[in-house]
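Visitor: Sharing model-v6.csv (CSV, C-alpha atoms) below.
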chain,number,residue,atom,x,y,z
A,140,MET,CA,-119.9,-47.1,-23.9
A,141,SER,CA,-120.5,-46.7,-20.2
A,142,VAL,CA,-117.9,-47.7,-17.6
A,143,GLU,CA,-120.2,-50.5,-16.5
A,144,THR,CA,-120.5,-51.9,-20.0
A,145,ILE,CA,-116.7,-51.6,-20.7
A,146,TYR,CA,-116.1,-53.4,-17.4
A,147,LYS,CA,-118.6,-56.1,-18.2
A,148,VAL,CA,-117.5,-56.7,-21.8
A,149,ILE,CA,-113.8,-56.0,-21.8
A,150,LEU,CA,-112.3,-55.8,-18.3
A,151,TYR,CA,-114.3,-58.4,-16.4
A,152,PRO,CA,-112.6,-61.4,-18.2
A,153,PHE,CA,-109.2,-60.0,-17.3
A,154,ILE,CA,-110.2,-59.4,-13.7
A,155,LYS,CA,-111.8,-62.8,-13.3
A,156,GLU,CA,-108.8,-64.6,-14.8
A,157,SER,CA,-106.3,-62.4,-12.9
A,158,ILE,CA,-107.8,-63.4,-9.5
A,159,ALA,CA,-108.1,-67.0,-10.6
A,160,SER,CA,-104.5,-67.1,-11.9
A,161,LEU,CA,-103.3,-65.4,-8.7
A,162,SER,CA,-104.8,-68.2,-6.8
A,163,SER,CA,-103.5,-71.0,-9.1
A,164,MET,CA,-100.0,-69.7,-9.9
A,165,THR,CA,-99.1,-68.2,-6.5
A,166,GLU,CA,-99.9,-68.7,-2.8
A,167,LEU,CA,-101.6,-65.3,-2.8
A,168,THR,CA,-105.3,-64.2,-2.9
A,169,GLY,CA,-106.8,-61.1,-4.3
A,170,ASP,CA,-110.1,-59.2,-4.5
A,171,ALA,CA,-111.2,-56.6,-7.1
A,172,GLY,CA,-112.3,-53.1,-6.2
A,173,GLU,CA,-114.8,-50.9,-8.2
A,174,ALA,CA,-113.9,-49.8,-11.7
A,175,PHE,CA,-113.5,-46.0,-12.2
A,176,VAL,CA,-112.4,-43.6,-14.9
A,177,ASP,CA,-108.9,-42.2,-14.6
A,178,SER,CA,-107.9,-38.8,-15.9
A,179,VAL,CA,-105.9,-39.2,-19.1
A,180,ASP,CA,-103.9,-36.0,-18.5
A,181,ASP,CA,-103.0,-37.1,-14.9
A,182,PHE,CA,-102.5,-40.8,-15.6
A,183,ARG,CA,-99.0,-41.6,-14.2
A,184,PHE,CA,-97.6,-44.4,-12.0
A,185,LYS,CA,-94.4,-45.8,-10.7
A,186,GLY,CA,-93.3,-49.4,-10.8
A,187,TYR,CA,-93.7,-52.1,-13.4
A,188,ALA,CA,-96.3,-53.3,-15.9
A,189,VAL,CA,-97.3,-56.3,-17.9
A,190,CYS,CA,-98.9,-55.0,-21.1
A,191,SER,CA,-100.8,-56.3,-24.1
A,192,ASP,CA,-101.6,-54.2,-27.1
A,193,ILE,CA,-105.2,-54.5,-28.4
A,194,THR,CA,-106.1,-54.1,-32.1
A,195,GLY,CA,-109.3,-54.4,-34.1
A,196,GLY,CA,-112.7,-53.5,-32.8
A,197,LEU,CA,-110.9,-52.3,-29.7
A,198,ASP,CA,-107.8,-50.2,-30.1
A,199,GLY,CA,-105.7,-49.6,-27.0
A,200,VAL,CA,-103.6,-51.2,-24.3
A,201,ILE,CA,-104.4,-53.4,-21.3
A,202,MET,CA,-102.0,-53.0,-18.4
A,203,MET,CA,-101.4,-54.8,-15.2
A,204,HIS,CA,-99.6,-52.2,-13.3
A,205,HIS,CA,-97.7,-53.2,-10.1
A,206,TYR,CA,-96.0,-51.1,-7.5
A,207,PRO,CA,-92.4,-52.5,-7.0
A,208,GLU,CA,-93.2,-54.3,-3.7
A,209,THR,CA,-96.3,-55.9,-5.2
A,210,ALA,CA,-94.5,-57.0,-8.4
A,211,ILE,CA,-91.6,-58.5,-6.4
A,212,ALA,CA,-94.0,-60.4,-4.1
A,213,ILE,CA,-96.1,-61.8,-6.9
A,214,GLY,CA,-93.0,-62.7,-9.0
A,215,ASN,CA,-91.3,-64.5,-6.1
A,216,SER,CA,-94.6,-66.4,-5.4
A,217,VAL,CA,-95.0,-67.4,-9.1
A,218,CYS,CA,-91.4,-68.8,-9.1
A,219,GLU,CA,-92.0,-70.7,-5.8
A,220,LYS,CA,-95.2,-72.3,-7.1
A,221,MET,CA,-93.5,-73.3,-10.4
A,222,PHE,CA,-90.3,-74.7,-9.0
A,223,ASP,CA,-91.2,-75.6,-5.4
A,224,GLU,CA,-88.3,-73.6,-4.0
A,225,THR,CA,-88.0,-70.5,-1.9
A,226,PHE,CA,-87.5,-67.3,-3.8
A,227,ASP,CA,-86.7,-64.1,-1.9
A,228,TYR,CA,-85.5,-61.6,-4.5
A,229,GLU,CA,-85.7,-58.0,-3.2
A,230,GLU,CA,-85.7,-56.3,-6.6
A,231,ILE,CA,-87.0,-57.0,-10.1
A,232,ASN,CA,-84.5,-59.1,-12.1
A,233,GLU,CA,-84.7,-61.2,-15.3
A,234,GLU,CA,-86.2,-64.2,-13.5
A,235,LEU,CA,-89.0,-62.2,-11.9
A,236,SER,CA,-89.6,-60.4,-15.2
A,237,HIS,CA,-90.1,-63.7,-16.9
A,238,ALA,CA,-92.4,-64.9,-14.0
A,239,LEU,CA,-94.6,-61.8,-14.2
A,240,ALA,CA,-94.8,-62.0,-18.0
A,241,GLU,CA,-95.8,-65.6,-17.8
A,242,TRP,CA,-98.5,-64.7,-15.3
A,243,GLY,CA,-99.7,-62.0,-17.6
A,244,ASN,CA,-99.6,-64.4,-20.6
A,245,THR,CA,-101.8,-66.8,-18.7
A,246,ILE,CA,-104.3,-64.1,-17.8
A,247,VAL,CA,-104.6,-62.9,-21.4
A,248,GLY,CA,-104.8,-66.4,-22.8
A,249,ARG,CA,-107.4,-67.5,-20.4
A,250,SER,CA,-109.5,-64.4,-21.0
A,251,THR,CA,-109.4,-65.0,-24.7
A,252,GLU,CA,-112.2,-67.6,-24.6
A,253,LEU,CA,-114.4,-65.3,-22.4
A,254,HIS,CA,-113.9,-62.4,-24.9
A,255,GLY,CA,-114.8,-64.8,-27.7
A,256,ARG,CA,-118.3,-65.2,-26.1
A,257,TYR,CA,-119.1,-61.6,-27.1
A,258,ASN,CA,-119.6,-60.2,-30.6
A,259,LEU,CA,-116.5,-58.0,-30.4
A,260,ASP,CA,-113.7,-58.3,-32.9
A,261,TYR,CA,-110.3,-57.6,-31.4
A,262,ASP,CA,-107.0,-59.3,-30.7
A,263,PHE,CA,-104.4,-59.1,-28.0
A,264,SER,CA,-100.6,-59.2,-28.5
A,265,SER,CA,-98.4,-61.5,-26.5
A,266,PRO,CA,-97.9,-59.9,-23.1
A,267,TYR,CA,-94.6,-58.1,-22.5
A,268,PHE,CA,-93.0,-56.8,-19.4
A,269,VAL,CA,-92.2,-53.1,-19.0
A,270,HIS,CA,-89.4,-52.2,-16.7
A,271,ASP,CA,-89.7,-48.4,-16.9
A,272,VAL,CA,-93.1,-46.8,-17.1
A,273,ASN,CA,-92.0,-43.3,-16.2
A,274,ASP,CA,-92.4,-42.1,-19.8
A,275,MET,CA,-96.0,-42.8,-20.6
A,276,ASP,CA,-96.2,-40.9,-23.9
A,277,GLN,CA,-95.9,-44.1,-26.1
A,278,TYR,CA,-98.9,-45.6,-24.3
A,279,LEU,CA,-101.0,-42.5,-24.0
A,280,GLU,CA,-100.8,-41.4,-27.6
A,281,GLY,CA,-104.3,-41.1,-28.9
A,282,VAL,CA,-105.9,-42.4,-25.7
A,283,LYS,CA,-109.3,-41.0,-25.1
A,284,GLU,CA,-110.2,-42.8,-21.9
A,285,VAL,CA,-108.6,-44.8,-19.1
A,286,ILE,CA,-110.6,-47.3,-17.0
A,287,THR,CA,-109.0,-48.6,-13.9
A,288,VAL,CA,-109.7,-51.5,-11.5
A,289,PRO,CA,-107.7,-52.0,-8.4
A,290,ILE,CA,-106.9,-55.5,-7.2
A,291,MET,CA,-106.1,-55.9,-3.5
A,292,VAL,CA,-103.6,-58.7,-2.7
A,293,GLU,CA,-103.9,-60.0,0.9
A,294,GLY,CA,-100.8,-59.3,2.9
A,295,VAL,CA,-99.0,-57.7,0.0
A,296,GLY,CA,-100.6,-54.6,-1.3
A,297,ARG,CA,-102.3,-53.9,-4.6
A,298,TYR,CA,-102.0,-53.8,-8.3
A,299,TYR,CA,-104.2,-52.2,-11.0
A,300,PHE,CA,-105.7,-53.1,-14.3
A,301,ASN,CA,-105.7,-50.1,-16.6
A,302,LEU,CA,-107.5,-50.2,-19.9
A,303,LEU,CA,-106.2,-47.4,-22.2
A,304,ILE,CA,-108.8,-46.9,-24.9
A,305,ARG,CA,-108.1,-45.1,-28.2
A,306,ASN,CA,-111.2,-46.4,-30.0
A,307,VAL,CA,-113.8,-49.1,-29.5
A,308,SER,CA,-116.6,-50.5,-31.7
A,309,TYR,CA,-119.4,-51.9,-29.6
A,310,GLN,CA,-121.8,-54.6,-30.8
A,311,GLU,CA,-124.5,-56.6,-29.1
A,312,ILE,CA,-123.3,-58.8,-26.2
A,313,SER,CA,-123.9,-62.5,-26.4
A,314,ASP,CA,-126.0,-63.9,-23.6
A,315,LYS,CA,-123.8,-67.0,-23.4
A,316,GLN,CA,-122.1,-67.7,-20.1
A,317,PRO,CA,-118.3,-68.1,-20.0
A,318,ALA,CA,-117.2,-71.7,-19.9
A,319,SER,CA,-115.1,-73.1,-17.0
A,320,ASN,CA,-111.4,-73.5,-17.5
A,321,VAL,CA,-110.2,-76.9,-18.3
A,322,THR,CA,-106.7,-78.5,-17.8
A,323,GLY,CA,-106.3,-79.9,-21.3
A,324,ILE,CA,-107.2,-82.5,-23.9
A,325,ALA,CA,-105.7,-85.9,-23.2
A,326,ASN,CA,-103.3,-87.9,-25.2
A,327,PRO,CA,-105.4,-90.8,-26.6
A,328,TYR,CA,-102.4,-93.2,-26.9
A,329,SER,CA,-101.3,-95.8,-24.2
A,330,THR,CA,-97.7,-96.8,-24.9
A,331,GLU,CA,-95.3,-94.8,-22.7
A,332,LEU,CA,-92.5,-92.9,-24.4
A,333,PRO,CA,-89.1,-94.5,-23.6
A,334,THR,CA,-87.0,-92.4,-21.3
A,335,SER,CA,-84.1,-92.6,-23.7
A,336,SER,CA,-86.2,-90.5,-26.2
A,337,LYS,CA,-85.1,-87.1,-27.4
A,338,ILE,CA,-87.7,-84.5,-26.4
A,339,LEU,CA,-87.9,-81.0,-28.0
A,340,LEU,CA,-89.3,-78.2,-25.7
A,341,VAL,CA,-90.6,-75.1,-27.6
A,342,ASP,CA,-91.6,-72.0,-25.7
A,343,ASP,CA,-90.6,-68.4,-25.8
A,344,SER,CA,-90.6,-68.3,-22.0
A,345,LEU,CA,-87.3,-69.4,-20.6
A,346,MET,CA,-89.1,-70.0,-17.3
A,347,ILE,CA,-91.5,-72.4,-18.8
A,348,ARG,CA,-88.7,-74.3,-20.6
A,349,LYS,CA,-86.8,-74.5,-17.4
A,350,ALA,CA,-89.8,-75.8,-15.4
A,351,MET,CA,-90.8,-78.3,-18.1
A,352,LYS,CA,-87.2,-79.6,-18.3
A,353,ARG,CA,-87.2,-80.1,-14.6
A,354,TYR,CA,-90.5,-82.0,-14.7
A,355,LEU,CA,-89.2,-84.2,-17.5
A,356,ASN,CA,-86.0,-84.9,-15.6
A,357,GLN,CA,-88.0,-86.0,-12.6
A,358,LEU,CA,-89.7,-88.5,-14.9
A,359,GLY,CA,-86.3,-89.8,-16.1
A,360,TYR,CA,-86.2,-88.0,-19.4
A,361,GLU,CA,-82.7,-86.4,-19.7
A,362,ASN,CA,-82.3,-86.0,-23.4
A,363,VAL,CA,-84.1,-82.6,-23.7
A,364,ILE,CA,-83.4,-80.0,-26.3
A,365,GLU,CA,-85.0,-76.5,-26.6
A,366,ALA,CA,-86.2,-73.9,-29.0
A,367,ASP,CA,-87.6,-70.4,-28.2
A,368,ASP,CA,-89.9,-69.8,-31.2
A,369,GLY,CA,-91.7,-71.5,-34.0
A,370,HIS,CA,-89.0,-70.9,-36.6
A,371,SER,CA,-86.4,-72.5,-34.4
A,372,ALA,CA,-88.8,-75.4,-33.7
A,373,VAL,CA,-89.0,-76.2,-37.4
A,374,GLU,CA,-85.2,-76.0,-37.8
A,375,GLN,CA,-84.7,-78.2,-34.7
A,376,VAL,CA,-87.1,-80.9,-36.1
A,377,LYS,CA,-85.1,-80.9,-39.3
A,378,ALA,CA,-81.6,-80.9,-37.7
A,379,GLN,CA,-82.1,-82.9,-34.5
A,380,ASN,CA,-84.9,-85.4,-35.4
A,381,PRO,CA,-86.5,-85.4,-31.9
A,382,ASP,CA,-88.8,-88.3,-30.9
A,383,PHE,CA,-91.4,-86.1,-29.1
A,384,MET,CA,-92.3,-82.5,-28.8
A,385,PHE,CA,-94.0,-80.0,-26.5
A,386,MET,CA,-94.8,-76.7,-28.1
A,387,ASP,CA,-96.3,-73.5,-27.0
A,388,VAL,CA,-99.0,-71.9,-29.2
A,389,VAL,CA,-98.5,-68.1,-28.8
A,390,MET,CA,-94.9,-67.1,-29.4
A,391,ASN,CA,-92.7,-64.5,-31.1
A,392,ASP,CA,-91.8,-64.8,-34.8
A,393,ILE,CA,-94.0,-67.9,-35.6
A,394,ASN,CA,-96.8,-69.2,-33.4
A,395,GLY,CA,-96.9,-72.8,-32.5
A,396,ASN,CA,-100.0,-73.6,-34.6
A,397,GLU,CA,-98.3,-72.3,-37.7
A,398,ALA,CA,-95.0,-74.1,-36.9
A,399,LEU,CA,-97.0,-77.3,-36.5
A,400,ARG,CA,-98.5,-76.8,-39.9
A,401,MET,CA,-95.0,-76.3,-41.4
A,402,ILE,CA,-93.6,-79.4,-39.6
A,403,ARG,CA,-96.4,-81.6,-41.0
A,404,GLU,CA,-96.0,-80.1,-44.5
A,405,MET,CA,-92.3,-81.1,-44.5
A,406,GLY,CA,-93.4,-84.7,-43.8
A,407,SER,CA,-92.6,-85.1,-40.1
A,408,ASP,CA,-95.0,-87.2,-38.0
A,409,ILE,CA,-93.3,-86.4,-34.7
A,410,PRO,CA,-95.8,-86.6,-31.8
A,411,VAL,CA,-96.6,-83.1,-30.6
A,412,VAL,CA,-98.3,-81.9,-27.4
A,413,MET,CA,-99.4,-78.3,-27.5
A,414,LEU,CA,-99.0,-75.9,-24.6
A,415,SER,CA,-101.2,-72.9,-24.2
A,416,SER,CA,-103.1,-70.6,-21.9
A,417,VAL,CA,-105.6,-70.1,-24.7
A,418,THR,CA,-108.6,-72.4,-24.4
A,419,ASP,CA,-110.3,-71.2,-27.6
A,420,GLN,CA,-111.9,-74.2,-29.3
A,421,LYS,CA,-111.2,-72.9,-32.8
A,422,LEU,CA,-107.5,-72.8,-32.1
A,423,VAL,CA,-107.6,-76.3,-30.5
A,424,SER,CA,-109.4,-77.6,-33.6
A,425,GLU,CA,-106.9,-76.1,-35.9
A,426,CYS,CA,-104.0,-77.8,-34.1
A,427,GLU,CA,-105.9,-81.1,-34.0
A,428,ALA,CA,-106.4,-80.9,-37.8
A,429,HIS,CA,-102.6,-81.0,-38.2
A,430,GLY,CA,-102.2,-83.9,-35.8
A,431,VAL,CA,-101.5,-83.5,-32.1
A,432,SER,CA,-101.1,-86.0,-29.3
A,433,GLY,CA,-102.7,-83.7,-26.7
A,434,PHE,CA,-103.2,-80.2,-25.5
A,435,ILE,CA,-102.1,-78.9,-22.1
A,436,PHE,CA,-103.6,-75.7,-20.9
A,437,LYS,CA,-101.3,-73.6,-18.6
A,438,PRO,CA,-100.4,-72.9,-15.9
A,439,ILE,CA,-98.4,-75.9,-14.9
A,440,GLN,CA,-97.1,-76.0,-11.3
A,441,ALA,CA,-94.4,-77.9,-9.4
A,442,ASP,CA,-96.9,-79.9,-7.3
A,443,SER,CA,-98.6,-81.4,-10.3
A,444,GLY,CA,-96.4,-80.6,-13.3
A,445,ALA,CA,-94.6,-84.0,-13.6
A,446,ALA,CA,-97.8,-85.9,-13.1
A,447,ILE,CA,-99.6,-83.9,-15.8
A,448,ILE,CA,-97.0,-84.2,-18.5
A,449,LYS,CA,-96.5,-87.9,-17.7
A,450,ASP,CA,-100.0,-88.6,-19.0
A,451,TYR,CA,-99.0,-87.0,-22.3
A,452,LEU,CA,-95.7,-88.8,-22.8
A,453,LYS,CA,-97.4,-91.6,-24.7
A,454,ILE,CA,-97.1,-92.8,-28.3
A,455,ALA,CA,-99.4,-95.0,-30.4
Can the structure from this file be put into structure tokens for me?
Guide:
Amino acid sequence: MSVETIYKVILYPFIKESIASLSSMTELTGDAGEAFVDSVDDFRFKGYAVCSDITGGLDGVIMMHHYPETAIAIGNSVCEKMFDETFDYEEINEELSHALAEWGNTIVGRSTELHGRYNLDYDFSSPYFVHDVNDMDQYLEGVKEVITVPIMVEGVGRYYFNLLIRNVSYQEISDKQPASNVTGIANPYSTELPTSSKILLVDDSLMIRKAMKRYLNQLGYENVIEADDGHSAVEQVKAQNPDFMFMDVVMNDINGNEALRMIREMGSDIPVVMLSSVTDQKLVSECEAHGVSGFIFKPIQADSGAAIIKDYLKIA
């Protein structure tokens, strides 16, 4: 495959969603440079990376590599937009790591639909944050080609998208145009959930749970419990008997769509609103088949978070 084809089919959705998410999740703006081939033997960098492993028709790793100053600036800005507070951390810490991973998760999730428009069969792992990329051996093993696209962030610096390719099976590209992002599928019910209700938040991102809890508190909902994966969600439904539930789709251990199926099979009819950066209609339909009260597509920000979730806090 030529660099141009790889860029069009594989990298372009990431670049498009990266710039869009930079705009929606931070106060920063970015522009993409030209794609080029990096030398595998000389491929090294310093800083941090958000990575996602790729398996199937494409075998490799997609990286968003940041110099330290760029990672810190983007991480602080993601936090500021989500919590409407000033963040001025000067080095990467746990909070900024979560912020960058959530930003990466949104980009991968949003690009999933665009990739689905092509006849390519591959999957992406949930993004993970890499603190130390000095030792590249684990990423470069078996890599045959590295395609790089620089992203210039106004007033900050730059970061890079690196596609590390071990193997790729190319098929015909569909001529369908990517669909526009949507914010979600509304809750069809009209009766507001009483503020005394117990609400279960399920997300493997501590930052998302923290933000969602804050938005719920702003709306008067104080009885909020949490779970960080699908297995814990099922156990919390059994043990705590919550009245309402927000649950992420892509998580460690058990994904939200699978946890939803398990919850329904054990007889619970708890109202569930799914959270996801993945806008794939097949996934949405699968969740709807198990009974959901709505579907919110991330990101959710401080200036609109409470208003968005208020529309979903309804029961039949």
Visitor: Pick out the closest residue to A:Met384 from this set: A:Arg403, A:His204, A:Val431, A:Ser344. Count all atoms listed in the file.
Guide: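 Looking only at the distances to A:Met384, the closest residue turns out to be A:Val431.
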Visitor: If you measure from atom CA of A:Asn232 to atom CA of A:Val288, what distance in Å do you get, rounded to one decimal?
Guide: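 Those two atoms sit 26.3 Å apart.
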Visitor: Report, in Å to a single decimal, how far apart atom CA of A:Val148 and atom CA of A:Thr168 are.
Guide: 23.7 Å
Visitor: With all atoms listed in the file as the basis for distance, which of A:His237, A:Lys453, A:Lys377, A:Arg297 is at the shortest distance from A:Asp170?
Guide: A:Arg297
Visitor: Measuring between all atoms listed in the file, which one of A:Asp450, A:Glu284, A:Glu293, A:Glu208 shows the shortest distance to A:Ser162?
Guide: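 With all atoms listed in the file as the atom set, the closest residue is A:Glu293.
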Visitor: Which is closest to A:Ser407 among A:Gly196, A:Pro266, A:Pro381, A:Gly395, if we use all atoms listed in the file?
Guide: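 Among A:Gly196, A:Pro266, A:Pro381, A:Gly395, it is A:Pro381 that comes nearest to A:Ser407.
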Visitor: Excluding A:Thr165 and residues on its chain fewer than 4 positions from it, collect all residues at most 10 Å away from it, counting only C-alpha atoms, and give them as a count of residues only.
Guide: 15
Visitor: Could you tell me how far atom CA of A:Asn244 lies from atom CA of A:Ser163, in Å and to one decimal?
Guide: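 Separation between atom CA of A:Asn244 and atom CA of A:Ser163: 13.8 Å.
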Visitor: Give as a ChimeraX atom specification the set of residues within 8 Å of the point (-102.5, -66.0, -26.3), where distances use the file's coordinates and only C-alpha atoms.
Guide: /A:244-245,247-249,251,263-265,388-389,415-417
Visitor: Of the candidates A:Lys349, A:Asn301, A:Asn396, A:Asn391, which shows the shortest atom-to-atom distance to A:Tyr267, using only C-alpha atoms?
Guide: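 Result for the nearest residue to A:Tyr267: A:Asn391.
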Visitor: Identify, on the basis of all atoms listed in the file, every residue whose closest approach to A:Asp382 does not exceed 9 Å; exclude the query and any residue fewer than 6 positions from it along the same chain; express the result as a list in words.
Guide: Leu332, Ser336, Lys337, Ile338, Leu339, Ile409 and Pro410 of chain A
Visitor: Out of A:Met202, A:Ile435, A:Leu414, A:Lys421, which residue has the shortest atom-to-atom distance to A:Leu279 when counting all atoms listed in the file?
Guide: A:Met202
Visitor: So which residues fall inside 7 Å of (-110.5, -41.1, -19.6) if we count all atoms listed in the file? Mind giving them as a PDB file with C-alpha atoms, in the frame of the given file?
Guide:
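Generated file (selection-v2.pdb):
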ATOM      1  CA  VAL A 176    -112.400 -43.600 -14.900  1.00  0.00           C
ATOM      2  CA  ASP A 177    -108.900 -42.200 -14.600  1.00  0.00           C
ATOM      3  CA  SER A 178    -107.900 -38.800 -15.900  1.00  0.00           C
ATOM      4  CA  VAL A 179    -105.900 -39.200 -19.100  1.00  0.00           C
ATOM      5  CA  LYS A 283    -109.300 -41.000 -25.100  1.00  0.00           C
ATOM      6  CA  GLU A 284    -110.200 -42.800 -21.900  1.00  0.00           C
ATOM      7  CA  VAL A 285    -108.600 -44.800 -19.100  1.00  0.00           C
ATOM      8  CA  ILE A 286    -110.600 -47.300 -17.000  1.00  0.00           C
TER       9      ILE A 286
END
Visitor: Would you pick out the contacts of A:Ile402 at 10 Å or less, using all atoms listed in the file, so that residues sharing its chain but fewer than 6 positions from it are not included, and give the list as a PyMOL selection string?
Guide: chain A and resi 369+372-374+376-377+396+408-409+429
Visitor: Within 10 Å of A:Arg353, counting all atoms listed in the file, which residues show up once you throw out same-chain ones fewer than 5 positions away? Write them as an MDAnalysis selection string, please.
Guide: chainID A and resid 222 347:348 358:361 363 441 444:445
